[in-house]
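Student: Please see the structure below; I have some questions.
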Amino acid sequence: MARYLNGLQQLLADENGTRGLMQDATQTHTNGKRWTLDYPELGTGPLPITPYLSSEYFEQEREKIFARTWLCTGKRAEEIPLMGDYLMLNVEVGKTSILLIRGKDGLVRGFHNVCKHRGNRLAWDERGSCGARLTCRFHGWTYEPDGRLVGVPEEDMFFDFDKRDYGLSPVATEVWEGFIFINLDPNPPETLHEYLGEVGDLLRGYSFDRLPVSWSYTAEQKCNWRILRDSQLEFYHGKSLHQRFAGSVMINKQQPSCHVLDAKLFRRHSMMSFYGDRRNTRRTPMELLVAQFGTSLKTFPSMRDMDRWPLGVNPTRSKQWFFDIYYIFPNFHMVILSPFLFVTHTMWPETVSRSTWNARGYFPRPATAAESVTREYNKCLARDVWLEDGSTLENTQRGIETGILTQYPVQDQELLIRH
C-alpha cells in the first residue's frame, strides 16, 4: 500500500508538472477559421431529411454505392493468419454473404458464400478454418481456398458437367494496411489504392501492423445508416454528450466555439483534426495509475517526436491536439488518438431504418499483467463513450419519422456530414 501511495503521489506531481510546462509552452489555437467556406460548392444551407427516410433513396444507395464501391469490412488480415482460415460477413445491403479466406499462396480472397450446386451457404460460422478444403454440408461439394471446385460426390451422374464451370463467385478483395476491403463488383474500374487516394499517402507509416484488435463491440441499431455514420463524423457533440470523457479537454478559453485544427475534403473521403487543451485534463487516481502501466484513452502522447509522425497524424503539429477523424467513404471511420492508439467504426446498412455498427479499439499488445488490466480498463471506458453515442441514434430516427423536420442546419464542425 505504501508503494502504491508513493507511486500515486509521484504521478500526481508529474501531472501537475506537465501542466506547468504546458502553460509556459507556445500556445496553438484554432484561429476562428470557417472551414466550410473553403468549399463554396457545398453551400451553407440546411440539409434535407429525405435521404434518411426514403426507401427509394435507400435502393439507389444500394445500387449505386454499396454494389459498386470499395467497402471496408472492418476485418483485419491477421484475423485469418493461416491457410484455410476464414471470416464470414453478412452484407445485408448487398443481399449476400461474403467469405474471406486465406489461400495456399497466402493471399486473402473474397467469395460469395454460396455453393454453386443448390445455393447453400458454405460457411455458417462467423470465423473458422477449413484447412485445405471447404466442403458444403448439403451435398458435399468441395472447394479449394482459391475458389476452385475440386470435389463433387457422384460426379458421373451429372450431364455434360465440367467442374471448372462451377467455382465460387469472387468479389474483388484487397488489403490496405491490414484492413480487408471488398468490392461487390468483381471487376472494379479502379484499384483500392486509387480509390483511397490521399488518405493512403497521409497515413503511410502509421503503426497499424503493431496494434492488434484489443476489443470489439457490435450493435444492431434501429436507424438509418446515415444517422449512425453522421454520429461519428463530427465532435460538435463532445462537450455535451461526452462531458465525462472529453468535455474539459475541448474547452478553448480564447475561442470557445472553435475546436477544429484542420479539415480536408478529398474526392470521396475526408478528415478533421481536433483541438484539445491538455491543461484541462483532469484524471482520477485510477486513471493516473492505469496510465502508469500502459496506454490509456486519456493519456496524451508525448509531442517531442511528432515531427516523425505520419503526415496525416496531427497534420498541423499542434501541441494542443486531441485526435483526428478519417472517414473512408462510405462506411468506415478511423479515430487516431496517438501514434500507438486508434479506434475504428464500421457501419453496414440493412434496411432504410436499420443498420449494424461495429466499433473496435487497437492497442499495443500487453506484455505484463498490469498492461492487461490497463487494456481492460480502456475497453470499459470506450464502451461507456460509445453507449453515450448509441443513446442518441434510435431517438433521432424516431424524431425524423414524425415528419416535423424536413431539413436540418449544419454548422462548421459538421462539414464532413455536409460533404
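Lettering and numbering for the C-alpha cells are positional, with chains as A, B, ... in the shown order, residues counted from 1 in each chain, and ligands counted from 1 in the shown order.
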Fewer than 5 positions away in the same chain doesn't count, so skip those; otherwise give me all residues within 7 Å of Thr96 of chain A, counting only C-alpha atoms, as a PyMOL selection string.

Tutor: chain A and resi 90-91+112

Student: For segment 51-66 of chain A, work out the shell of residues within 7 Å, counting only C-alpha atoms and skipping chain neighbours fewer than 4 positions away, then give it as a count of residues only.

Tutor: 5

Student: List every residue of segment 15-224 of chain A that DSSP, applied to the backbone of this structure, assigns to strand (DSSP E or B), and report them as a PyMOL selection string.

Tutor: chain A and resi 47-48+71-76+85-91+96-102+108-112+127-129+134-135+142-143+149-151+170-176+179-183+213-221

Student: Mind dumping the selected residues with C-alpha atoms as a tab-separated table (two decimals), in the first residue's frame?

Tutor:
chain	number	residue	atom	x	y	z
A	47	LEU	CA	-29.60	19.65	-45.48
A	48	PRO	CA	-32.68	17.60	-46.44
A	71	LEU	CA	-16.13	-1.23	-48.80
A	72	CYS	CA	-14.00	-1.71	-45.71
A	73	THR	CA	-15.13	-4.89	-43.98
A	74	GLY	CA	-13.67	-3.69	-40.68
A	75	LYS	CA	-11.82	-7.02	-40.53
A	76	ARG	CA	-8.06	-7.41	-40.32
A	85	ASP	CA	-8.69	-19.62	-42.11
A	86	TYR	CA	-11.85	-17.72	-42.98
A	87	LEU	CA	-14.23	-14.97	-41.88
A	88	MET	CA	-17.90	-14.88	-42.87
A	89	LEU	CA	-19.51	-11.47	-43.32
A	90	ASN	CA	-23.21	-10.85	-43.87
A	91	VAL	CA	-23.66	-7.88	-46.20
A	96	THR	CA	-25.31	-11.51	-49.87
A	97	SER	CA	-22.94	-13.28	-47.51
A	98	ILE	CA	-19.20	-12.93	-48.14
A	99	LEU	CA	-16.48	-15.46	-47.36
A	100	LEU	CA	-12.99	-14.03	-46.73
A	101	ILE	CA	-10.40	-16.80	-46.84
A	102	ARG	CA	-6.62	-17.17	-46.74
A	108	VAL	CA	-6.74	-13.12	-48.83
A	109	ARG	CA	-9.62	-13.62	-51.27
A	110	GLY	CA	-13.32	-12.93	-51.10
A	111	PHE	CA	-16.18	-15.01	-52.49
A	112	HIS	CA	-19.92	-15.03	-52.30
A	127	ARG	CA	-14.95	-17.45	-38.34
A	128	GLY	CA	-13.21	-20.77	-38.61
A	129	SER	CA	-10.72	-22.85	-40.56
A	134	LEU	CA	-14.04	-26.07	-47.94
A	135	THR	CA	-16.96	-28.50	-48.05
A	142	THR	CA	-15.64	-29.33	-52.07
A	143	TYR	CA	-13.71	-26.17	-52.96
A	149	LEU	CA	-14.40	-26.66	-57.30
A	150	VAL	CA	-12.34	-29.83	-56.78
A	151	GLY	CA	-14.73	-32.44	-55.42
A	170	PRO	CA	-15.45	-13.95	-56.47
A	171	VAL	CA	-15.73	-10.44	-55.16
A	172	ALA	CA	-12.83	-8.04	-55.64
A	173	THR	CA	-10.70	-8.12	-52.49
A	174	GLU	CA	-7.68	-6.05	-51.50
A	175	VAL	CA	-5.86	-5.32	-48.25
A	176	TRP	CA	-4.70	-1.86	-47.16
A	179	PHE	CA	-7.71	-3.84	-43.38
A	180	ILE	CA	-9.65	-6.07	-45.77
A	181	PHE	CA	-11.71	-4.25	-48.39
A	182	ILE	CA	-14.19	-5.79	-50.81
A	183	ASN	CA	-15.98	-4.58	-53.91
A	213	VAL	CA	-7.53	-5.55	-32.12
A	214	SER	CA	-7.94	-5.19	-28.36
A	215	TRP	CA	-11.74	-5.20	-28.19
A	216	SER	CA	-14.74	-5.20	-30.49
A	217	TYR	CA	-18.37	-4.23	-29.88
A	218	THR	CA	-21.24	-4.78	-32.31
A	219	ALA	CA	-24.71	-3.24	-32.04
A	220	GLU	CA	-27.89	-3.57	-34.09
A	221	GLN	CA	-29.44	-0.12	-34.45

Student: Between atom CA of Ala77 of chain A and atom CA of Leu184 of chain A, what is the spacing in Å?

Tutor: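 That distance, rounded to one decimal, is 18.5 Å.
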
Student: Could you give me, as JSON, numbers by chain, the residues within 9 Å of segment 393-401 of chain A, counting only C-alpha atoms and dropping anything in the same chain fewer than 2 positions from it?

Tutor: {"A": [49, 52, 53, 221, 222, 223, 224, 227, 228, 231, 353, 389, 390, 391, 403, 404, 405, 406]}

Student: Calculate how many Å separate atom CA of Asn31 of chain A from atom CA of Ser257 of chain A, rounding to one decimal.

Tutor: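 That distance, rounded to one decimal, is 10.6 Å.
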
Student: Quick one: residues within 12 Å of Trp141 of chain A, only C-alpha atoms, excluding same-chain residues fewer than 6 positions away - as a list in words?

Tutor: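 Counting only C-alpha atoms, the residues come to Val114, Cys115, Lys116, His117, Arg118, Gly119, Asn120, Arg121, Leu122, Arg133, Leu134, Thr135, Gly147, Arg148, Leu149, Val150, Gly151, Val152, Pro153, Glu154, Glu155, Lys163, Tyr166, Gly167 and Leu168 of chain A.
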
Student: Write to file, as a short mmCIF file (atom, residue, chain, number, x, y, z; two decimals), in the first residue's frame, the residues of the selection just made, with N, CA and C atoms.

Tutor:
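Result went into again_29.cif, see below:
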data_model
loop_
_atom_site.label_atom_id
_atom_site.label_comp_id
_atom_site.auth_asym_id
_atom_site.auth_seq_id
_atom_site.Cartn_x
_atom_site.Cartn_y
_atom_site.Cartn_z
N VAL A 114 -21.71 -18.92 -51.28
CA VAL A 114 -22.80 -19.65 -51.92
C VAL A 114 -22.23 -20.85 -52.69
N CYS A 115 -22.65 -22.04 -52.33
CA CYS A 115 -22.27 -23.23 -53.09
C CYS A 115 -22.93 -23.19 -54.47
N LYS A 116 -22.16 -23.55 -55.50
CA LYS A 116 -22.66 -23.43 -56.87
C LYS A 116 -23.55 -24.61 -57.28
N HIS A 117 -23.87 -25.51 -56.35
CA HIS A 117 -24.79 -26.59 -56.69
C HIS A 117 -26.24 -26.14 -56.51
N ARG A 118 -26.63 -25.93 -55.24
CA ARG A 118 -28.01 -25.55 -54.99
C ARG A 118 -28.15 -24.29 -54.16
N GLY A 119 -27.05 -23.55 -53.99
CA GLY A 119 -27.13 -22.24 -53.34
C GLY A 119 -27.00 -22.25 -51.84
N ASN A 120 -26.63 -23.36 -51.23
CA ASN A 120 -26.48 -23.39 -49.78
C ASN A 120 -25.26 -22.57 -49.35
N ARG A 121 -25.28 -22.08 -48.11
CA ARG A 121 -24.10 -21.41 -47.58
C ARG A 121 -22.99 -22.45 -47.35
N LEU A 122 -21.77 -22.05 -47.69
CA LEU A 122 -20.62 -22.92 -47.41
C LEU A 122 -20.18 -22.76 -45.96
N ARG A 133 -9.48 -27.66 -47.68
CA ARG A 133 -10.71 -27.80 -48.46
C ARG A 133 -11.88 -27.17 -47.71
N LEU A 134 -12.81 -26.62 -48.47
CA LEU A 134 -14.04 -26.07 -47.94
C LEU A 134 -15.18 -26.90 -48.50
N THR A 135 -15.95 -27.53 -47.61
CA THR A 135 -16.96 -28.50 -48.05
C THR A 135 -18.36 -28.05 -47.67
N GLY A 147 -11.15 -20.91 -54.46
CA GLY A 147 -12.46 -20.90 -55.08
C GLY A 147 -12.73 -21.98 -56.09
N ARG A 148 -11.71 -22.75 -56.46
CA ARG A 148 -11.91 -23.80 -57.46
C ARG A 148 -12.72 -24.96 -56.89
N LEU A 149 -13.66 -25.45 -57.67
CA LEU A 149 -14.40 -26.66 -57.30
C LEU A 149 -13.52 -27.86 -57.61
N VAL A 150 -13.25 -28.69 -56.59
CA VAL A 150 -12.34 -29.83 -56.78
C VAL A 150 -12.97 -31.16 -56.43
N GLY A 151 -14.13 -31.17 -55.80
CA GLY A 151 -14.73 -32.44 -55.42
C GLY A 151 -16.23 -32.42 -55.53
N VAL A 152 -16.80 -33.39 -56.29
CA VAL A 152 -18.24 -33.50 -56.46
C VAL A 152 -18.63 -34.96 -56.27
N PRO A 153 -19.31 -35.30 -55.16
CA PRO A 153 -19.75 -36.69 -54.99
C PRO A 153 -20.64 -37.13 -56.16
N GLU A 154 -20.41 -38.36 -56.63
CA GLU A 154 -21.18 -38.94 -57.74
C GLU A 154 -21.18 -38.02 -58.97
N GLU A 155 -20.00 -37.50 -59.25
CA GLU A 155 -19.87 -36.57 -60.37
C GLU A 155 -20.33 -37.21 -61.69
N LYS A 163 -16.27 -29.30 -63.82
CA LYS A 163 -16.07 -28.62 -62.53
C LYS A 163 -15.55 -27.20 -62.72
N TYR A 166 -17.96 -24.27 -62.28
CA TYR A 166 -18.73 -24.12 -61.05
C TYR A 166 -17.88 -23.71 -59.84
N GLY A 167 -16.83 -22.94 -60.10
CA GLY A 167 -16.06 -22.38 -59.00
C GLY A 167 -16.85 -21.31 -58.26
N LEU A 168 -16.39 -20.95 -57.08
CA LEU A 168 -17.08 -19.93 -56.30
C LEU A 168 -17.03 -18.58 -57.02
#

Student: Can you work out which one of A:Met83, A:Met306, A:Leu196, A:Met157 has the shortest atom-to-atom distance to Arg268 of chain A, counting only C-alpha atoms?

Tutor: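 Residue with the minimum atom-to-atom distance to Arg268 of chain A: A:Leu196.
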
Student: Just checking: using only C-alpha atoms, which residue out of A:Phe266, A:Phe235, A:Ala382, A:Asn187 ends up closest to Ser169 of chain A?

Tutor: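 Looking only at the distances to Ser169 of chain A, the closest residue turns out to be A:Asn187.
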
Student: Write out as a list in words all residues of segment 283-363 of chain A that DSSP puts in alpha helix (DSSP H) for this structure's backbone.

Tutor: Pro285, Met286, Glu287, Leu288, Leu289, Val290, Ala291 and Gln292 of chain A

Student: Could you name the residues that touch Met271 of chain A at 8 Å or less, counting only C-alpha atoms, but leaving out those on the same chain fewer than 5 positions away, as a PyMOL selection string?

Tutor: chain A and resi 263-265+324-327+416

Student: Can those selected residues be exported to a file as a PDB file, in the first residue's frame so that it contains N, CA, C and O atoms?

Tutor:
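After the write, part.pdb holds the following:
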ATOM      1  N   ALA A 263      -9.034  20.591 -41.479  1.00  0.00           N
ATOM      2  CA  ALA A 263     -10.072  19.819 -42.159  1.00  0.00           C
ATOM      3  C   ALA A 263      -9.707  19.719 -43.627  1.00  0.00           C
ATOM      4  O   ALA A 263      -9.278  20.708 -44.230  1.00  0.00           O
ATOM      5  N   LYS A 264      -9.868  18.537 -44.184  1.00  0.00           N
ATOM      6  CA  LYS A 264      -9.571  18.321 -45.595  1.00  0.00           C
ATOM      7  C   LYS A 264     -10.672  17.449 -46.204  1.00  0.00           C
ATOM      8  O   LYS A 264     -11.019  16.404 -45.645  1.00  0.00           O
ATOM      9  N   LEU A 265     -11.186  17.894 -47.329  1.00  0.00           N
ATOM     10  CA  LEU A 265     -12.145  17.107 -48.093  1.00  0.00           C
ATOM     11  C   LEU A 265     -11.465  16.634 -49.359  1.00  0.00           C
ATOM     12  O   LEU A 265     -10.909  17.442 -50.119  1.00  0.00           O
ATOM     13  N   ASP A 324      -7.624  12.835 -34.521  1.00  0.00           N
ATOM     14  CA  ASP A 324      -8.020  13.012 -35.917  1.00  0.00           C
ATOM     15  C   ASP A 324      -9.103  12.002 -36.272  1.00  0.00           C
ATOM     16  O   ASP A 324      -9.061  10.848 -35.819  1.00  0.00           O
ATOM     17  N   ILE A 325     -10.064  12.440 -37.084  1.00  0.00           N
ATOM     18  CA  ILE A 325     -11.041  11.540 -37.691  1.00  0.00           C
ATOM     19  C   ILE A 325     -10.703  11.388 -39.164  1.00  0.00           C
ATOM     20  O   ILE A 325     -10.496  12.392 -39.861  1.00  0.00           O
ATOM     21  N   TYR A 326     -10.613  10.150 -39.638  1.00  0.00           N
ATOM     22  CA  TYR A 326     -10.513   9.869 -41.068  1.00  0.00           C
ATOM     23  C   TYR A 326     -11.749   9.087 -41.477  1.00  0.00           C
ATOM     24  O   TYR A 326     -12.051   8.039 -40.904  1.00  0.00           O
ATOM     25  N   TYR A 327     -12.453   9.629 -42.459  1.00  0.00           N
ATOM     26  CA  TYR A 327     -13.651   8.961 -42.967  1.00  0.00           C
ATOM     27  C   TYR A 327     -13.362   8.441 -44.364  1.00  0.00           C
ATOM     28  O   TYR A 327     -13.045   9.210 -45.271  1.00  0.00           O
ATOM     29  N   LEU A 416     -17.929  17.495 -42.474  1.00  0.00           N
ATOM     30  CA  LEU A 416     -17.798  16.167 -43.094  1.00  0.00           C
ATOM     31  C   LEU A 416     -19.156  15.570 -43.422  1.00  0.00           C
ATOM     32  O   LEU A 416     -19.289  14.820 -44.391  1.00  0.00           O
TER      33      LEU A 416
END

Student: Pick the closest to Phe340 of chain A from A:Arg210, A:His419, A:Arg304, A:His242: which is it, counting only C-alpha atoms?

Tutor: A:Arg210

Student: With only C-alpha atoms as the counted atoms, please give the residues lying no more than 7 Å from segment 236-241 of chain A, apart from itself and same-chain residues fewer than 3 positions off, as JSON, numbers by chain.

Tutor: {"A": [246, 247, 250, 388, 413]}

Student: Could those residues be written to a file, using C-alpha atoms, as a JSON list (two decimals), in the first residue's frame?

Tutor:
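Below is the file that was written, out_19.json:
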[["chain", "number", "residue", "atom", "x", "y", "z"],
["A", 246, "ALA", "CA", -13.82, 14.96, -23.27],
["A", 247, "GLY", "CA", -15.76, 17.96, -22.03],
["A", 250, "MET", "CA", -12.24, 20.63, -25.51],
["A", 388, "GLU", "CA", -23.41, 7.59, -25.00],
["A", 413, "GLN", "CA", -17.74, 21.42, -37.32]]

Student: Restricting the calculation to only C-alpha atoms, which member of A:Thr351, A:Pro212, A:Leu261, A:Asp412 is positioned closest to Arg365 of chain A?

Tutor: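 Selected residue with least distance to Arg365 of chain A: A:Pro212.
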
Student: Could you check the closest approach to Asp384 of chain A for each of A:His193, A:Arg244, A:Arg354, A:Lys95 and tell me which residue wins, using only C-alpha atoms?

Tutor: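 Of the candidates, the smallest distance to Asp384 of chain A is held by A:Arg244.
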
Student: Determine, using only C-alpha atoms, which residues of segment 269-319 of chain A have any atom at most 9 Å from an atom of segment 367-371 of chain A, and tabulate each with its shortest atom pair and distance in Å to one decimal place, rows ordered by chain and then rising number, as a tab-separated table.

Tutor:
residue	atom	partner	partner_atom	distance
A:Val290	CA	A:Glu371	CA	8.2
A:Phe293	CA	A:Glu371	CA	5.6
A:Gly294	CA	A:Glu371	CA	5.3
A:Thr295	CA	A:Glu371	CA	8.1

Student: From the set A:Pro188, A:Ser296, A:Thr36, A:Asp277, which residue has the shortest atom-to-atom contact distance to Ser372 of chain A, counting only C-alpha atoms?

Tutor: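 Closest residue, counting only C-alpha atoms: A:Ser296.
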
Student: What's around Arg267 of chain A at 12 Å? Count only C-alpha atoms, leave out sequence neighbours fewer than 6 positions away in its own chain, and write the answer as a VMD selection string.

Tutor: chain A and resid 194 to 199 327 to 329 419

Student: Go ahead and save the residues from that selection, with all heavy atoms, as an mmCIF file, in the first residue's frame.

Tutor:
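Once everything was written out, this is again.cif:
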data_model
loop_
_atom_site.group_PDB
_atom_site.id
_atom_site.type_symbol
_atom_site.label_atom_id
_atom_site.label_comp_id
_atom_site.auth_asym_id
_atom_site.auth_seq_id
_atom_site.Cartn_x
_atom_site.Cartn_y
_atom_site.Cartn_z
ATOM 1 N N GLU A 194 -6.055 3.370 -55.784
ATOM 2 C CA GLU A 194 -6.584 4.532 -56.491
ATOM 3 C C GLU A 194 -7.799 5.096 -55.763
ATOM 4 O O GLU A 194 -7.982 6.313 -55.695
ATOM 5 C CB GLU A 194 -6.954 4.147 -57.918
ATOM 6 C CG GLU A 194 -5.746 3.797 -58.783
ATOM 7 C CD GLU A 194 -6.135 3.155 -60.097
ATOM 8 O OE1 GLU A 194 -7.243 2.552 -60.168
ATOM 9 O OE2 GLU A 194 -5.344 3.240 -61.050
ATOM 10 N N TYR A 195 -8.618 4.221 -55.238
ATOM 11 C CA TYR A 195 -9.828 4.652 -54.547
ATOM 12 C C TYR A 195 -9.498 5.433 -53.280
ATOM 13 O O TYR A 195 -10.129 6.454 -52.982
ATOM 14 C CB TYR A 195 -10.680 3.434 -54.200
ATOM 15 C CG TYR A 195 -11.971 3.761 -53.487
ATOM 16 C CD1 TYR A 195 -13.045 4.295 -54.182
ATOM 17 C CD2 TYR A 195 -12.112 3.545 -52.120
ATOM 18 C CE1 TYR A 195 -14.235 4.600 -53.534
ATOM 19 C CE2 TYR A 195 -13.287 3.849 -51.464
ATOM 20 C CZ TYR A 195 -14.352 4.382 -52.177
ATOM 21 O OH TYR A 195 -15.525 4.685 -51.526
ATOM 22 N N LEU A 196 -8.508 4.970 -52.515
ATOM 23 C CA LEU A 196 -8.162 5.626 -51.252
ATOM 24 C C LEU A 196 -7.501 6.981 -51.484
ATOM 25 O O LEU A 196 -7.650 7.897 -50.679
ATOM 26 C CB LEU A 196 -7.244 4.730 -50.426
ATOM 27 C CG LEU A 196 -7.877 3.463 -49.867
ATOM 28 C CD1 LEU A 196 -6.822 2.605 -49.195
ATOM 29 C CD2 LEU A 196 -8.995 3.787 -48.898
ATOM 30 N N GLY A 197 -6.769 7.110 -52.559
ATOM 31 C CA GLY A 197 -6.174 8.393 -52.910
ATOM 32 C C GLY A 197 -5.306 8.966 -51.810
ATOM 33 O O GLY A 197 -4.413 8.303 -51.274
ATOM 34 N N GLU A 198 -5.575 10.211 -51.432
ATOM 35 C CA GLU A 198 -4.725 10.944 -50.496
ATOM 36 C C GLU A 198 -4.672 10.312 -49.110
ATOM 37 O O GLU A 198 -3.678 10.467 -48.393
ATOM 38 C CB GLU A 198 -5.212 12.391 -50.369
ATOM 39 C CG GLU A 198 -5.167 13.197 -51.645
ATOM 40 C CD GLU A 198 -6.472 13.141 -52.426
ATOM 41 O OE1 GLU A 198 -7.245 12.172 -52.233
ATOM 42 O OE2 GLU A 198 -6.706 14.051 -53.224
ATOM 43 N N VAL A 199 -5.717 9.614 -48.723
ATOM 44 C CA VAL A 199 -5.735 9.025 -47.382
ATOM 45 C C VAL A 199 -4.571 8.053 -47.206
ATOM 46 O O VAL A 199 -3.896 8.041 -46.163
ATOM 47 C CB VAL A 199 -7.076 8.317 -47.115
ATOM 48 C CG1 VAL A 199 -7.008 7.511 -45.828
ATOM 49 C CG2 VAL A 199 -8.206 9.333 -47.037
ATOM 50 N N TYR A 327 -12.453 9.629 -42.459
ATOM 51 C CA TYR A 327 -13.651 8.961 -42.967
ATOM 52 C C TYR A 327 -13.362 8.441 -44.364
ATOM 53 O O TYR A 327 -13.045 9.210 -45.271
ATOM 54 C CB TYR A 327 -14.826 9.943 -43.001
ATOM 55 C CG TYR A 327 -16.062 9.441 -43.722
ATOM 56 C CD1 TYR A 327 -16.562 8.164 -43.487
ATOM 57 C CD2 TYR A 327 -16.727 10.245 -44.638
ATOM 58 C CE1 TYR A 327 -17.690 7.707 -44.148
ATOM 59 C CE2 TYR A 327 -17.866 9.809 -45.293
ATOM 60 C CZ TYR A 327 -18.337 8.531 -45.054
ATOM 61 O OH TYR A 327 -19.456 8.090 -45.713
ATOM 62 N N ILE A 328 -13.445 7.112 -44.524
ATOM 63 C CA ILE A 328 -13.297 6.474 -45.829
ATOM 64 C C ILE A 328 -14.686 6.102 -46.304
ATOM 65 O O ILE A 328 -15.345 5.233 -45.734
ATOM 66 C CB ILE A 328 -12.372 5.251 -45.739
ATOM 67 C CG1 ILE A 328 -10.970 5.693 -45.313
ATOM 68 C CG2 ILE A 328 -12.321 4.528 -47.084
ATOM 69 C CD1 ILE A 328 -9.983 4.556 -45.156
ATOM 70 N N PHE A 329 -15.137 6.805 -47.319
ATOM 71 C CA PHE A 329 -16.484 6.631 -47.854
ATOM 72 C C PHE A 329 -16.658 5.199 -48.374
ATOM 73 O O PHE A 329 -15.770 4.653 -49.006
ATOM 74 C CB PHE A 329 -16.677 7.641 -48.991
ATOM 75 C CG PHE A 329 -18.021 7.584 -49.659
ATOM 76 C CD1 PHE A 329 -19.104 8.253 -49.115
ATOM 77 C CD2 PHE A 329 -18.205 6.853 -50.828
ATOM 78 C CE1 PHE A 329 -20.350 8.207 -49.724
ATOM 79 C CE2 PHE A 329 -19.441 6.800 -51.440
ATOM 80 C CZ PHE A 329 -20.522 7.472 -50.888
ATOM 81 N N HIS A 419 -20.303 17.285 -46.613
ATOM 82 C CA HIS A 419 -19.549 16.740 -47.751
ATOM 83 C C HIS A 419 -20.103 15.401 -48.179
ATOM 84 O O HIS A 419 -20.280 15.114 -49.356
ATOM 85 C CB HIS A 419 -18.071 16.616 -47.372
ATOM 86 C CG HIS A 419 -17.206 16.051 -48.461
ATOM 87 N ND1 HIS A 419 -16.390 14.974 -48.248
ATOM 88 C CD2 HIS A 419 -17.017 16.414 -49.755
ATOM 89 C CE1 HIS A 419 -15.727 14.698 -49.375
ATOM 90 N NE2 HIS A 419 -16.098 15.553 -50.297
#
